[in-house]
Structure formats: structure tokens, C-alpha cells
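Trainee: So that we are looking at the same thing, I have put the structure below in C-alpha cells.
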Amino acid sequence: MSDKTMTFKIEDERDVQLKQTLTTVYDALVQKGYNPINQIVGYILSEDPTYITTHNNARNLIRHVDRDELLQHLVRSYLTH
């Protein structure tokens, strides 16, 4: 029997969800021939969903992500990795 206590962090699960969503959106943009970085940045700056393709439901997925949360996640990921 182990004396270690397991921990669960909501933000860890949310980070995984954000990454999955962003990866799906990125892949959909690549598949349609767009520059995914430019398109995602355009969406983040403007919140205009037309920057994101409807292919593979990418536009709907990205609209369920809070832009502030996405920016926070991206900056944290960039600075800590």
C-alpha cells in the first residue's frame, strides 16, 4: 500500500483540452491549405471566426475556447518550456 496522495488539478485537464482543440484547429487549417499560425493569430486578435475553417468542425471548436484563457495558456507554455 502506498502512502502517496494522488492529486488532481482542474487546470491540467483544461490545458489538455485546450491543446487538443488547438491541435485539431491547426490540423484542419493545414488540411485546407491555410497558414495555420497566421489564421489562429488573426482569430485571437479579432475574434472573427471566419479566420478558422469549418473543416472538421474547427470553427465551432475554437469558438468554445475563451480567447483570454487561450492567450494565457500559450504564453505560459512558451515561457515555461
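Each chain of the C-alpha cells is named A, B, ... in the order shown, its residues numbered from 1; ligands are numbered from 1 in display order.
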Give me, as CSV, the closest atom pair and its distance (Å, one decimal) for every residue of range 12-52 of chain A within a cut-off of 12 Å of range 65-69 of chain A, counting only C-alpha atoms, rows sorted by chain and rising number.
Mentor:
```
residue,atom,partner,partner_atom,distance
A:Arg14,CA,A:Glu69,CA,9.8
A:Asp15,CA,A:Glu69,CA,9.6
A:Gln17,CA,A:Val65,CA,9.5
A:Leu18,CA,A:Val65,CA,7.4
A:Lys19,CA,A:Val65,CA,10.7
A:Gln20,CA,A:Val65,CA,11.3
A:Thr21,CA,A:Val65,CA,8.3
A:Leu22,CA,A:Val65,CA,9.3
A:Val25,CA,A:Val65,CA,11.5
A:Ile40,CA,A:Arg67,CA,10.7
A:Val41,CA,A:Arg67,CA,10.7
A:Gly42,CA,A:Arg67,CA,11.7
A:Tyr43,CA,A:Arg67,CA,9.0
A:Ile44,CA,A:Arg67,CA,6.2
A:Leu45,CA,A:Arg67,CA,8.8
A:Ser46,CA,A:Arg67,CA,10.0
A:Glu47,CA,A:Arg67,CA,7.8
A:Asp48,CA,A:Arg67,CA,11.2
A:Pro49,CA,A:Arg67,CA,11.6
```
Trainee: Mind writing the picked residues with C-alpha atoms as a PDB file, in the first residue's frame?
Mentor:
```pdb
ATOM      1  CA  ARG A  14      -8.194  22.128 -19.104  1.00  0.00           C
ATOM      2  CA  ASP A  15      -4.695  22.531 -20.555  1.00  0.00           C
ATOM      3  CA  GLN A  17      -8.451  20.139 -23.649  1.00  0.00           C
ATOM      4  CA  LEU A  18      -7.054  23.440 -24.943  1.00  0.00           C
ATOM      5  CA  LYS A  19      -4.134  21.686 -26.581  1.00  0.00           C
ATOM      6  CA  GLN A  20      -6.411  19.112 -28.221  1.00  0.00           C
ATOM      7  CA  THR A  21      -8.689  21.841 -29.554  1.00  0.00           C
ATOM      8  CA  LEU A  22      -5.824  23.959 -30.847  1.00  0.00           C
ATOM      9  CA  VAL A  25      -7.904  23.534 -35.456  1.00  0.00           C
ATOM     10  CA  ILE A  40      -5.052  31.405 -35.489  1.00  0.00           C
ATOM     11  CA  VAL A  41      -3.331  34.711 -34.674  1.00  0.00           C
ATOM     12  CA  GLY A  42      -5.903  36.530 -36.816  1.00  0.00           C
ATOM     13  CA  TYR A  43      -8.677  34.836 -34.885  1.00  0.00           C
ATOM     14  CA  ILE A  44      -7.137  35.600 -31.494  1.00  0.00           C
ATOM     15  CA  LEU A  45      -6.614  39.270 -32.337  1.00  0.00           C
ATOM     16  CA  SER A  46     -10.002  39.882 -33.921  1.00  0.00           C
ATOM     17  CA  GLU A  47     -12.268  37.147 -32.526  1.00  0.00           C
ATOM     18  CA  ASP A  48     -13.562  36.855 -36.085  1.00  0.00           C
ATOM     19  CA  PRO A  49     -14.411  33.161 -36.550  1.00  0.00           C
TER      20      PRO A  49
END
```
Trainee: Which neighbours of His55 in chain A fall inside 12 Å, counting only C-alpha atoms, when residues of the same chain fewer than 2 positions from it are skipped, and could you give them as an NGL selection string?
Mentor: :A and (24-34 or 50-53 or 57-62)
Trainee: From a DSSP pass on the backbone, collect the residues of range 3-55 of chain A flagged as alpha helix (DSSP H) and hand them back as a PyMOL selection string.
Mentor: chain A and resi 10-31+36-46
Trainee: At what distance in Å, to one decimal, does CA of Met6 in chain A lie from CA of Gln72 in chain A?
Mentor: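 Straight-line distance from CA of Gln72 in chain A to CA of Met6 in chain A works out to 26.3 Å.
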Trainee: For CA of Leu70 in chain A and CA of Asn38 in chain A, determine how far apart the two atoms are, in Å to one decimal place.
Mentor: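 Going from CA of Leu70 in chain A over to CA of Asn38 in chain A, I get 15.5 Å.
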